[in-house]
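Here's the structure, in structure tokens; my notes come after.
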Amino acid sequence: MIESHAPAPPGAPPSWTGPARLPVRPGTGRFLVLVCVFVCAACGLVYELELVAFASYLMGDSVTQASVVLSVMVFAMGIGSLGAKRLRWHAAAGFGAVESALALVGGCSAMALYAVFAWTGGWGGAWAEGPRCLLVAFSLAIGLLIGAEVPLLMELIQRIRRQDAGGAVADLFAADYVGALVGGLAFPFLLLPFLGQLTGALLTGTVNVLAGGALVLGLFRRDLTRRARWTLLLVGLTVLGVLASAAALADDFERAARHAVYGKDVRVAVQTGVQEVVLTGGTDGRPLDLFLDGRLRVGGRDERRYHEALVHPALSGAPDARVLILGGGDGLAAREVLRHRRVRRVDVVELDPGLLRLARHDPGLAATNRHAYADPRVHVTTADALGWLRGAPAGAYDVVIADLPDPGITASAKLYSQEFYGLTRRVLAPHGRLVVHAGPVTTRPRVFWTVAVTLRSAGFATAPYRVVGHDSGFAAGPDRSTGVTRAPHDWGFLLASPGRTAPPLRLGPDRLRTLTQTGLTADGEAAERTRIGGLPASTLVHPRY
């Protein structure tokens, strides 16, 4: 996007010696410059959004990550504007060079970041922050080049017809902001769902270099020497060749990078529109792993341990005829609920229809959930859990199971808020129970006990417990770049009921494969020993995770 450009002070010599010699009428030439401004602004915003998306996907879904990328880029745009003042005497050649560099750097940034993350992200040591440093470097470079467009475009439009600075800035800003709108809408609704981040960035770079080259070599070619024209043409064609080659190899590159991240047993990798879903294993006796946006959601070696601990303490010793599962689109929580014969109805509220389709039809995932969605007692709604709860009938459920992503991920922070738990309490029957997956206790106790405080602020009494599992090497929480920890891997849960009396941690008579009453009691005591007091509750307007 274009930032403010101060005109030359009164009395300063102009950077041109006469009107530009254009192959078209001045009015047409001015329109073409504004069209180029529009296209460049759209491309620039796509580069910004692509870097923010990669910051969320590769390094963690965090407001801090996005803020760092955007602030570095805006700072660099100001520096780029100052640096480009030296090119104003050669505005056409300078603008052509800047657009070629911007197309190459911005177009290849997604592929380069993914390559570094996939093949070097696990090196640790001095390179532990390598992907994050490279992300900042790309933000800085792209910002410098976008900022360099500003004085050069001002010079070009003034070369066609001299105009007061205020009028020229107004025209440029109008084209710039409209282009930013188009780029901002194109990224989430067209480029990301239909092309993905890699091909989308490469296509944006292609459009960028074509627009810049067409303007300079077509409209302002008479301002260039013969050598400059051929140099810009060869550079532009080289950039196009690099981008086209990268696009042709994008699918093979993505498969190789995905294997480097997830292993060579990847069976399914789809971008659903809500998230990236990756399935590995699940056939021929191999354990099934489910990754959502790069975070391990279901680990084949431990999924039964997790889901038995999530479901059965809540359903044991309490009315359980009507059960609500928030999240849990993989069907594994529903599988455990259906083991209780007294259950008459199970409602599943899942945001991602693509994950639901896989849970129904993928042979590995459907076998793992024992075809839970084929049971007539299960009813599925595709909706955001918070919005759905606002319209749900009061007192409709005996048990609510919150099988949601870890707290601390920006997109899911609202699902661990006081308002969310207040709505959940409203849909519970008077003696109902709520169980919440609240992230790891050992490595993130502050987050876990913040969830407990938030539940209490919504009128629940809680009983904490945890179960220990294998360390997969994949982050489930907000920061994917966190190195391997020596702390034991666990899942923390909070069993809650309305009122002031915490529900007891006990199991029913049914024998489970991974969970016993003795183990559950010990796990409750182990979680209790990590308690942190004095924490504030998390709300929608002031998230604490």
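Order determines the names: the first chain of the structure tokens is A, the second B, and so forth; residues in each chain are numbered 1 upward, and ligands are numbered 1 upward as they are shown.
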- Mind checking which residues fall within 12 Å of stretch 377-384 of chain A, counting only C-alpha atoms, ignoring those fewer than 4 positions away in the same chain, and posting them as a ChimeraX atom specification? /A:274,321-331,333-335,337-357,359-360,371-373,388-392,404,411-412,414-415,420
- Can you check which residues of stretch 154-343 of chain A DSSP gives as helix (DSSP H, G or I) on the backbone and send them as number ranges by chain? A: 154-160, 165-219, 221-223, 226-262, 303-315, 332-337
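Distances from A:Glu303, A:Glu254, A:Asp164, A:Glu129 to A:Ala115 were compared using only C-alpha atoms, and the smallest one belongs to A:Glu254.
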- Item | Between atom CA of A:Leu45 and atom CA of A:Met59, distance in Å (one decimal) |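 It comes out at 20.5 Å.
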- Query: Hey, which of A:Glu308, A:Glu419, A:Asp398, A:Asp403 ends up closest to A:Thr514? Count only C-alpha atoms.
  - Reply: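 Result for the nearest residue to A:Thr514: A:Glu308.
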- Could you pull out all residues of stretch 219-454 of chain A with a DSSP call of strand (DSSP E) and give them as an NGL selection string? :A and (266-271 or 276-280 or 289-292 or 295-298 or 322-327 or 345-350 or 378-382 or 397-403 or 428-437)
- How many Å separate atom CA of A:Ala141 from atom CA of A:Pro193? 26.3 Å
- Tell me, in Å to one decimal, how far atom CA of A:Val270 is from atom CA of A:Val116.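 Atom CA of A:Val116 lies 21.5 Å from atom CA of A:Val270.
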- Task: Tell me which protein, DNA and RNA residues are within 12 Å of A:His259, counting only C-alpha atoms, leaving out same-chain ones fewer than 3 positions away, and put them as number ranges by chain.
- Result: A: 115, 118-119, 252-256, 262-269, 278-280
Could you write out the selected residues, including all heavy atoms, as a short mmCIF file (atom, residue, chain, number, x, y, z; two decimals), in the first residue's frame?
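Here's the written file result_22.cif:
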```
data_model
loop_
_atom_site.label_atom_id
_atom_site.label_comp_id
_atom_site.auth_asym_id
_atom_site.auth_seq_id
_atom_site.Cartn_x
_atom_site.Cartn_y
_atom_site.Cartn_z
N ALA A 115 9.99 -24.05 3.09
CA ALA A 115 11.16 -24.91 2.95
C ALA A 115 12.02 -24.85 4.21
O ALA A 115 12.46 -25.88 4.73
CB ALA A 115 11.97 -24.49 1.73
N ALA A 118 10.16 -26.65 7.04
CA ALA A 118 10.03 -28.10 6.88
C ALA A 118 11.36 -28.82 7.07
O ALA A 118 11.43 -29.85 7.75
CB ALA A 118 9.46 -28.42 5.49
N TRP A 119 12.43 -28.28 6.48
CA TRP A 119 13.68 -29.04 6.47
C TRP A 119 14.68 -28.62 7.54
O TRP A 119 15.62 -29.37 7.83
CB TRP A 119 14.33 -28.95 5.09
CG TRP A 119 13.69 -29.89 4.12
CD1 TRP A 119 13.84 -31.24 4.07
CD2 TRP A 119 12.78 -29.56 3.07
NE1 TRP A 119 13.08 -31.77 3.06
CE2 TRP A 119 12.42 -30.76 2.40
CE3 TRP A 119 12.24 -28.36 2.60
CZ2 TRP A 119 11.54 -30.81 1.33
CZ3 TRP A 119 11.35 -28.40 1.52
CH2 TRP A 119 11.02 -29.61 0.90
N ASP A 252 4.84 -30.84 -6.26
CA ASP A 252 5.89 -31.77 -5.82
C ASP A 252 6.62 -31.21 -4.60
O ASP A 252 6.94 -31.96 -3.66
CB ASP A 252 6.88 -32.02 -6.95
CG ASP A 252 6.26 -32.80 -8.10
OD1 ASP A 252 5.27 -33.51 -7.86
OD2 ASP A 252 6.78 -32.70 -9.23
N PHE A 253 6.89 -29.92 -4.62
CA PHE A 253 7.55 -29.30 -3.47
C PHE A 253 6.70 -29.42 -2.21
O PHE A 253 7.21 -29.76 -1.14
CB PHE A 253 7.82 -27.82 -3.78
CG PHE A 253 8.27 -27.03 -2.59
CD1 PHE A 253 9.61 -26.97 -2.23
CD2 PHE A 253 7.35 -26.33 -1.80
CE1 PHE A 253 10.02 -26.25 -1.13
CE2 PHE A 253 7.76 -25.60 -0.70
CZ PHE A 253 9.10 -25.56 -0.37
N GLU A 254 5.40 -29.17 -2.33
CA GLU A 254 4.53 -29.22 -1.16
C GLU A 254 4.46 -30.64 -0.60
O GLU A 254 4.45 -30.84 0.62
CB GLU A 254 3.14 -28.71 -1.53
CG GLU A 254 2.23 -28.50 -0.34
CD GLU A 254 0.96 -27.75 -0.70
OE1 GLU A 254 0.77 -27.43 -1.90
OE2 GLU A 254 0.16 -27.51 0.21
N ARG A 255 4.40 -31.64 -1.49
CA ARG A 255 4.38 -33.02 -1.01
C ARG A 255 5.68 -33.37 -0.28
O ARG A 255 5.66 -34.00 0.78
CB ARG A 255 4.15 -33.97 -2.18
CG ARG A 255 2.69 -34.10 -2.60
CD ARG A 255 2.51 -35.26 -3.55
NE ARG A 255 3.18 -35.04 -4.82
CZ ARG A 255 2.63 -34.44 -5.87
NH1 ARG A 255 1.38 -34.02 -5.79
NH2 ARG A 255 3.30 -34.28 -7.00
N ALA A 256 6.81 -32.94 -0.86
CA ALA A 256 8.09 -33.25 -0.22
C ALA A 256 8.21 -32.53 1.13
O ALA A 256 8.68 -33.11 2.10
CB ALA A 256 9.23 -32.83 -1.15
N TYR A 262 5.63 -34.15 8.39
CA TYR A 262 4.73 -35.15 8.99
C TYR A 262 5.22 -36.58 8.85
O TYR A 262 4.60 -37.49 9.41
CB TYR A 262 3.34 -35.05 8.34
CG TYR A 262 2.69 -33.71 8.49
CD1 TYR A 262 2.51 -32.88 7.40
CD2 TYR A 262 2.24 -33.26 9.73
CE1 TYR A 262 1.90 -31.64 7.52
CE2 TYR A 262 1.63 -32.03 9.86
CZ TYR A 262 1.46 -31.23 8.75
OH TYR A 262 0.86 -30.01 8.88
N GLY A 263 6.27 -36.80 8.09
CA GLY A 263 6.69 -38.16 7.80
C GLY A 263 6.17 -38.60 6.44
O GLY A 263 5.40 -37.90 5.78
N LYS A 264 6.58 -39.79 6.01
CA LYS A 264 6.27 -40.25 4.66
C LYS A 264 4.95 -41.00 4.56
O LYS A 264 4.62 -41.56 3.53
CB LYS A 264 7.41 -41.13 4.14
CG LYS A 264 8.73 -40.40 4.03
CD LYS A 264 9.77 -41.23 3.34
CE LYS A 264 11.09 -40.46 3.20
NZ LYS A 264 10.94 -39.22 2.41
N ASP A 265 4.18 -41.01 5.66
CA ASP A 265 2.93 -41.78 5.66
C ASP A 265 1.71 -40.89 5.49
O ASP A 265 0.63 -41.21 5.97
CB ASP A 265 2.83 -42.56 6.99
CG ASP A 265 1.87 -43.74 6.88
OD1 ASP A 265 1.56 -44.15 5.74
OD2 ASP A 265 1.43 -44.24 7.93
N VAL A 266 1.86 -39.75 4.83
CA VAL A 266 0.74 -38.83 4.62
C VAL A 266 -0.23 -39.43 3.61
O VAL A 266 0.14 -39.75 2.47
CB VAL A 266 1.22 -37.45 4.14
CG1 VAL A 266 0.04 -36.54 3.84
CG2 VAL A 266 2.12 -36.82 5.18
N ARG A 267 -1.49 -39.61 4.01
CA ARG A 267 -2.51 -40.14 3.09
C ARG A 267 -3.42 -39.06 2.55
O ARG A 267 -3.82 -39.07 1.39
CB ARG A 267 -3.39 -41.18 3.80
CG ARG A 267 -2.75 -42.50 4.10
CD ARG A 267 -3.81 -43.51 4.50
NE ARG A 267 -4.59 -43.08 5.67
CZ ARG A 267 -5.84 -42.62 5.60
NH1 ARG A 267 -6.46 -42.52 4.45
NH2 ARG A 267 -6.48 -42.26 6.70
N VAL A 268 -3.79 -38.11 3.41
CA VAL A 268 -4.75 -37.07 3.04
C VAL A 268 -4.19 -35.72 3.48
O VAL A 268 -3.69 -35.59 4.61
CB VAL A 268 -6.13 -37.30 3.71
CG1 VAL A 268 -7.08 -36.15 3.39
CG2 VAL A 268 -6.71 -38.63 3.29
N ALA A 269 -4.24 -34.74 2.60
CA ALA A 269 -3.87 -33.37 2.94
C ALA A 269 -4.80 -32.45 2.17
O ALA A 269 -4.72 -32.35 0.95
CB ALA A 269 -2.42 -33.08 2.59
N VAL A 278 -4.56 -32.85 7.75
CA VAL A 278 -3.62 -33.86 7.29
C VAL A 278 -3.85 -35.14 8.07
O VAL A 278 -3.94 -35.11 9.30
CB VAL A 278 -2.15 -33.39 7.46
CG1 VAL A 278 -1.19 -34.51 7.09
CG2 VAL A 278 -1.88 -32.17 6.59
N LEU A 279 -3.98 -36.26 7.35
CA LEU A 279 -4.12 -37.58 7.96
C LEU A 279 -2.91 -38.42 7.56
O LEU A 279 -2.56 -38.49 6.38
CB LEU A 279 -5.40 -38.27 7.49
CG LEU A 279 -6.73 -37.70 7.95
CD1 LEU A 279 -7.88 -38.43 7.27
CD2 LEU A 279 -6.86 -37.78 9.46
N THR A 280 -2.30 -39.04 8.55
CA THR A 280 -1.23 -39.98 8.27
C THR A 280 -1.60 -41.32 8.89
O THR A 280 -2.24 -41.39 9.94
CB THR A 280 0.12 -39.51 8.86
OG1 THR A 280 0.04 -39.53 10.29
CG2 THR A 280 0.46 -38.11 8.39
#
```
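Shortest atom-to-atom contact with A:Thr462 among A:Leu494, A:Val72, A:Ala55, A:Val427: A:Leu494, counting only C-alpha atoms.
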- Selected residue of minimal separation from A:Trp230 among A:Tyr545, A:Leu215, A:Gly96, A:Pro536, counting only C-alpha atoms: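 Looking only at the distances to A:Trp230, the closest residue turns out to be A:Gly96.
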- Item | Test item: residues at most 9 Å from A:Ile160, only C-alpha atoms, excluding those fewer than 6 positions along its chain, as a VMD selection string | chain A and resid 19 to 22 26 to 27 29 to 30
List the neighbours of A:Ser67 out to 12 Å using only C-alpha atoms; skip same-chain residues closer than 3 positions along the sequence, and give me the result as a PDB file with all heavy atoms, in the first residue's frame.
```pdb
ATOM      1  N   GLU A  48       1.400  -9.011   2.289  1.00  0.00           N
ATOM      2  CA  GLU A  48       1.269  -8.786   3.729  1.00  0.00           C
ATOM      3  C   GLU A  48       0.430  -9.888   4.375  1.00  0.00           C
ATOM      4  O   GLU A  48       0.807 -10.464   5.404  1.00  0.00           O
ATOM      5  CB  GLU A  48       0.629  -7.426   3.994  1.00  0.00           C
ATOM      6  CG  GLU A  48       1.492  -6.244   3.625  1.00  0.00           C
ATOM      7  CD  GLU A  48       0.827  -4.934   3.994  1.00  0.00           C
ATOM      8  OE1 GLU A  48       0.028  -4.926   4.950  1.00  0.00           O
ATOM      9  OE2 GLU A  48       1.095  -3.923   3.325  1.00  0.00           O
ATOM     10  N   LEU A  49      -0.736 -10.182   3.775  1.00  0.00           N
ATOM     11  CA  LEU A  49      -1.623 -11.193   4.348  1.00  0.00           C
ATOM     12  C   LEU A  49      -1.001 -12.582   4.284  1.00  0.00           C
ATOM     13  O   LEU A  49      -1.201 -13.403   5.186  1.00  0.00           O
ATOM     14  CB  LEU A  49      -2.964 -11.173   3.612  1.00  0.00           C
ATOM     15  CG  LEU A  49      -3.777  -9.886   3.760  1.00  0.00           C
ATOM     16  CD1 LEU A  49      -5.027  -9.948   2.889  1.00  0.00           C
ATOM     17  CD2 LEU A  49      -4.151  -9.655   5.220  1.00  0.00           C
ATOM     18  N   LEU A  51       2.191 -13.268   4.559  1.00  0.00           N
ATOM     19  CA  LEU A  51       3.163 -13.372   5.643  1.00  0.00           C
ATOM     20  C   LEU A  51       2.475 -13.529   6.995  1.00  0.00           C
ATOM     21  O   LEU A  51       2.938 -14.289   7.852  1.00  0.00           O
ATOM     22  CB  LEU A  51       4.070 -12.141   5.652  1.00  0.00           C
ATOM     23  CG  LEU A  51       5.071 -12.032   4.496  1.00  0.00           C
ATOM     24  CD1 LEU A  51       5.858 -10.742   4.603  1.00  0.00           C
ATOM     25  CD2 LEU A  51       6.012 -13.224   4.470  1.00  0.00           C
ATOM     26  N   VAL A  52       1.360 -12.819   7.199  1.00  0.00           N
ATOM     27  CA  VAL A  52       0.615 -12.973   8.451  1.00  0.00           C
ATOM     28  C   VAL A  52       0.073 -14.393   8.572  1.00  0.00           C
ATOM     29  O   VAL A  52       0.126 -15.011   9.641  1.00  0.00           O
ATOM     30  CB  VAL A  52      -0.521 -11.940   8.523  1.00  0.00           C
ATOM     31  CG1 VAL A  52      -1.459 -12.241   9.689  1.00  0.00           C
ATOM     32  CG2 VAL A  52       0.044 -10.530   8.660  1.00  0.00           C
ATOM     33  N   ALA A  53      -0.459 -14.931   7.459  1.00  0.00           N
ATOM     34  CA  ALA A  53      -0.979 -16.299   7.486  1.00  0.00           C
ATOM     35  C   ALA A  53       0.130 -17.297   7.802  1.00  0.00           C
ATOM     36  O   ALA A  53      -0.065 -18.246   8.573  1.00  0.00           O
ATOM     37  CB  ALA A  53      -1.637 -16.632   6.143  1.00  0.00           C
ATOM     38  N   ALA A  55       2.860 -16.614   9.473  1.00  0.00           N
ATOM     39  CA  ALA A  55       3.227 -16.431  10.874  1.00  0.00           C
ATOM     40  C   ALA A  55       2.305 -17.237  11.779  1.00  0.00           C
ATOM     41  O   ALA A  55       2.734 -17.848  12.751  1.00  0.00           O
ATOM     42  CB  ALA A  55       3.158 -14.947  11.239  1.00  0.00           C
ATOM     43  N   SER A  56       1.014 -17.254  11.431  1.00  0.00           N
ATOM     44  CA  SER A  56       0.056 -18.016  12.232  1.00  0.00           C
ATOM     45  C   SER A  56       0.245 -19.518  12.043  1.00  0.00           C
ATOM     46  O   SER A  56       0.205 -20.287  13.004  1.00  0.00           O
ATOM     47  CB  SER A  56      -1.375 -17.623  11.838  1.00  0.00           C
ATOM     48  OG  SER A  56      -1.595 -16.258  12.072  1.00  0.00           O
ATOM     49  N   ASP A  61      -0.469 -19.346  16.104  1.00  0.00           N
ATOM     50  CA  ASP A  61      -1.576 -18.433  15.885  1.00  0.00           C
ATOM     51  C   ASP A  61      -1.584 -17.413  17.017  1.00  0.00           C
ATOM     52  O   ASP A  61      -2.137 -17.637  18.068  1.00  0.00           O
ATOM     53  CB  ASP A  61      -2.886 -19.223  15.838  1.00  0.00           C
ATOM     54  CG  ASP A  61      -4.026 -18.376  15.333  1.00  0.00           C
ATOM     55  OD1 ASP A  61      -3.841 -17.163  15.143  1.00  0.00           O
ATOM     56  OD2 ASP A  61      -5.108 -18.917  15.133  1.00  0.00           O
ATOM     57  N   SER A  62      -0.976 -16.282  16.803  1.00  0.00           N
ATOM     58  CA  SER A  62      -0.760 -15.326  17.876  1.00  0.00           C
ATOM     59  C   SER A  62      -0.922 -13.914  17.354  1.00  0.00           C
ATOM     60  O   SER A  62      -0.447 -13.561  16.272  1.00  0.00           O
ATOM     61  CB  SER A  62       0.643 -15.506  18.464  1.00  0.00           C
ATOM     62  OG  SER A  62       1.018 -14.407  19.235  1.00  0.00           O
ATOM     63  N   VAL A  63      -1.602 -13.092  18.150  1.00  0.00           N
ATOM     64  CA  VAL A  63      -1.716 -11.679  17.810  1.00  0.00           C
ATOM     65  C   VAL A  63      -0.339 -11.039  17.760  1.00  0.00           C
ATOM     66  O   VAL A  63      -0.059 -10.168  16.930  1.00  0.00           O
ATOM     67  CB  VAL A  63      -2.624 -10.966  18.827  1.00  0.00           C
ATOM     68  CG1 VAL A  63      -2.628  -9.463  18.608  1.00  0.00           C
ATOM     69  CG2 VAL A  63      -4.046 -11.509  18.738  1.00  0.00           C
ATOM     70  N   THR A  64       0.559 -11.488  18.629  1.00  0.00           N
ATOM     71  CA  THR A  64       1.913 -10.938  18.653  1.00  0.00           C
ATOM     72  C   THR A  64       2.629 -11.189  17.339  1.00  0.00           C
ATOM     73  O   THR A  64       3.300 -10.292  16.793  1.00  0.00           O
ATOM     74  CB  THR A  64       2.714 -11.566  19.807  1.00  0.00           C
ATOM     75  OG1 THR A  64       2.034 -11.301  21.036  1.00  0.00           O
ATOM     76  CG2 THR A  64       4.119 -11.001  19.866  1.00  0.00           C
ATOM     77  N   LEU A  70       3.317  -7.051  10.649  1.00  0.00           N
ATOM     78  CA  LEU A  70       2.743  -5.826  10.088  1.00  0.00           C
ATOM     79  C   LEU A  70       3.527  -4.585  10.499  1.00  0.00           C
ATOM     80  O   LEU A  70       3.742  -3.684   9.699  1.00  0.00           O
ATOM     81  CB  LEU A  70       1.284  -5.702  10.522  1.00  0.00           C
ATOM     82  CG  LEU A  70       0.339  -6.765   9.940  1.00  0.00           C
ATOM     83  CD1 LEU A  70      -1.071  -6.572  10.471  1.00  0.00           C
ATOM     84  CD2 LEU A  70       0.334  -6.718   8.414  1.00  0.00           C
ATOM     85  N   SER A  71       3.953  -4.532  11.760  1.00  0.00           N
ATOM     86  CA  SER A  71       4.687  -3.345  12.195  1.00  0.00           C
ATOM     87  C   SER A  71       6.048  -3.252  11.507  1.00  0.00           C
ATOM     88  O   SER A  71       6.472  -2.161  11.109  1.00  0.00           O
ATOM     89  CB  SER A  71       4.847  -3.351  13.722  1.00  0.00           C
ATOM     90  OG  SER A  71       5.533  -4.509  14.163  1.00  0.00           O
ATOM     91  N   VAL A  72       6.739  -4.379  11.351  1.00  0.00           N
ATOM     92  CA  VAL A  72       8.019  -4.368  10.636  1.00  0.00           C
ATOM     93  C   VAL A  72       7.820  -3.939   9.195  1.00  0.00           C
ATOM     94  O   VAL A  72       8.598  -3.137   8.646  1.00  0.00           O
ATOM     95  CB  VAL A  72       8.683  -5.751  10.712  1.00  0.00           C
ATOM     96  CG1 VAL A  72       9.855  -5.851   9.742  1.00  0.00           C
ATOM     97  CG2 VAL A  72       9.155  -6.042  12.122  1.00  0.00           C
ATOM     98  N   MET A  73       6.754  -4.422   8.574  1.00  0.00           N
ATOM     99  CA  MET A  73       6.521  -4.088   7.179  1.00  0.00           C
ATOM    100  C   MET A  73       6.197  -2.604   7.000  1.00  0.00           C
ATOM    101  O   MET A  73       6.717  -1.931   6.098  1.00  0.00           O
ATOM    102  CB  MET A  73       5.390  -4.958   6.613  1.00  0.00           C
ATOM    103  CG  MET A  73       5.159  -4.756   5.130  1.00  0.00           C
ATOM    104  SD  MET A  73       4.031  -5.980   4.435  1.00  0.00           S
ATOM    105  CE  MET A  73       5.066  -7.426   4.475  1.00  0.00           C
ATOM    106  N   VAL A  74       5.355  -2.055   7.864  1.00  0.00           N
ATOM    107  CA  VAL A  74       5.003  -0.638   7.750  1.00  0.00           C
ATOM    108  C   VAL A  74       6.229   0.232   8.021  1.00  0.00           C
ATOM    109  O   VAL A  74       6.456   1.239   7.337  1.00  0.00           O
ATOM    110  CB  VAL A  74       3.856  -0.301   8.721  1.00  0.00           C
ATOM    111  CG1 VAL A  74       3.615   1.201   8.767  1.00  0.00           C
ATOM    112  CG2 VAL A  74       2.584  -1.015   8.296  1.00  0.00           C
ATOM    113  N   PHE A  75       7.048  -0.143   9.016  1.00  0.00           N
ATOM    114  CA  PHE A  75       8.291   0.583   9.263  1.00  0.00           C
ATOM    115  C   PHE A  75       9.188   0.552   8.026  1.00  0.00           C
ATOM    116  O   PHE A  75       9.742   1.581   7.614  1.00  0.00           O
ATOM    117  CB  PHE A  75       9.010  -0.042  10.453  1.00  0.00           C
ATOM    118  CG  PHE A  75      10.454   0.340  10.570  1.00  0.00           C
ATOM    119  CD1 PHE A  75      10.820   1.583  11.057  1.00  0.00           C
ATOM    120  CD2 PHE A  75      11.454  -0.542  10.183  1.00  0.00           C
ATOM    121  CE1 PHE A  75      12.161   1.946  11.154  1.00  0.00           C
ATOM    122  CE2 PHE A  75      12.792  -0.191  10.277  1.00  0.00           C
ATOM    123  CZ  PHE A  75      13.151   1.051  10.763  1.00  0.00           C
ATOM    124  N   VAL A 136      10.692 -12.346   9.571  1.00  0.00           N
ATOM    125  CA  VAL A 136      10.908 -10.914   9.783  1.00  0.00           C
ATOM    126  C   VAL A 136      11.726 -10.324   8.633  1.00  0.00           C
ATOM    127  O   VAL A 136      11.473  -9.201   8.182  1.00  0.00           O
ATOM    128  CB  VAL A 136      11.590 -10.678  11.136  1.00  0.00           C
ATOM    129  CG1 VAL A 136      11.973  -9.209  11.299  1.00  0.00           C
ATOM    130  CG2 VAL A 136      10.669 -11.099  12.278  1.00  0.00           C
ATOM    131  N   SER A 139       9.459  -9.762   5.761  1.00  0.00           N
ATOM    132  CA  SER A 139       8.597  -8.611   6.050  1.00  0.00           C
ATOM    133  C   SER A 139       9.356  -7.313   5.796  1.00  0.00           C
ATOM    134  O   SER A 139       8.812  -6.361   5.218  1.00  0.00           O
ATOM    135  CB  SER A 139       8.114  -8.658   7.505  1.00  0.00           C
ATOM    136  OG  SER A 139       7.427  -9.851   7.783  1.00  0.00           O
TER     137      SER A 139
END
```
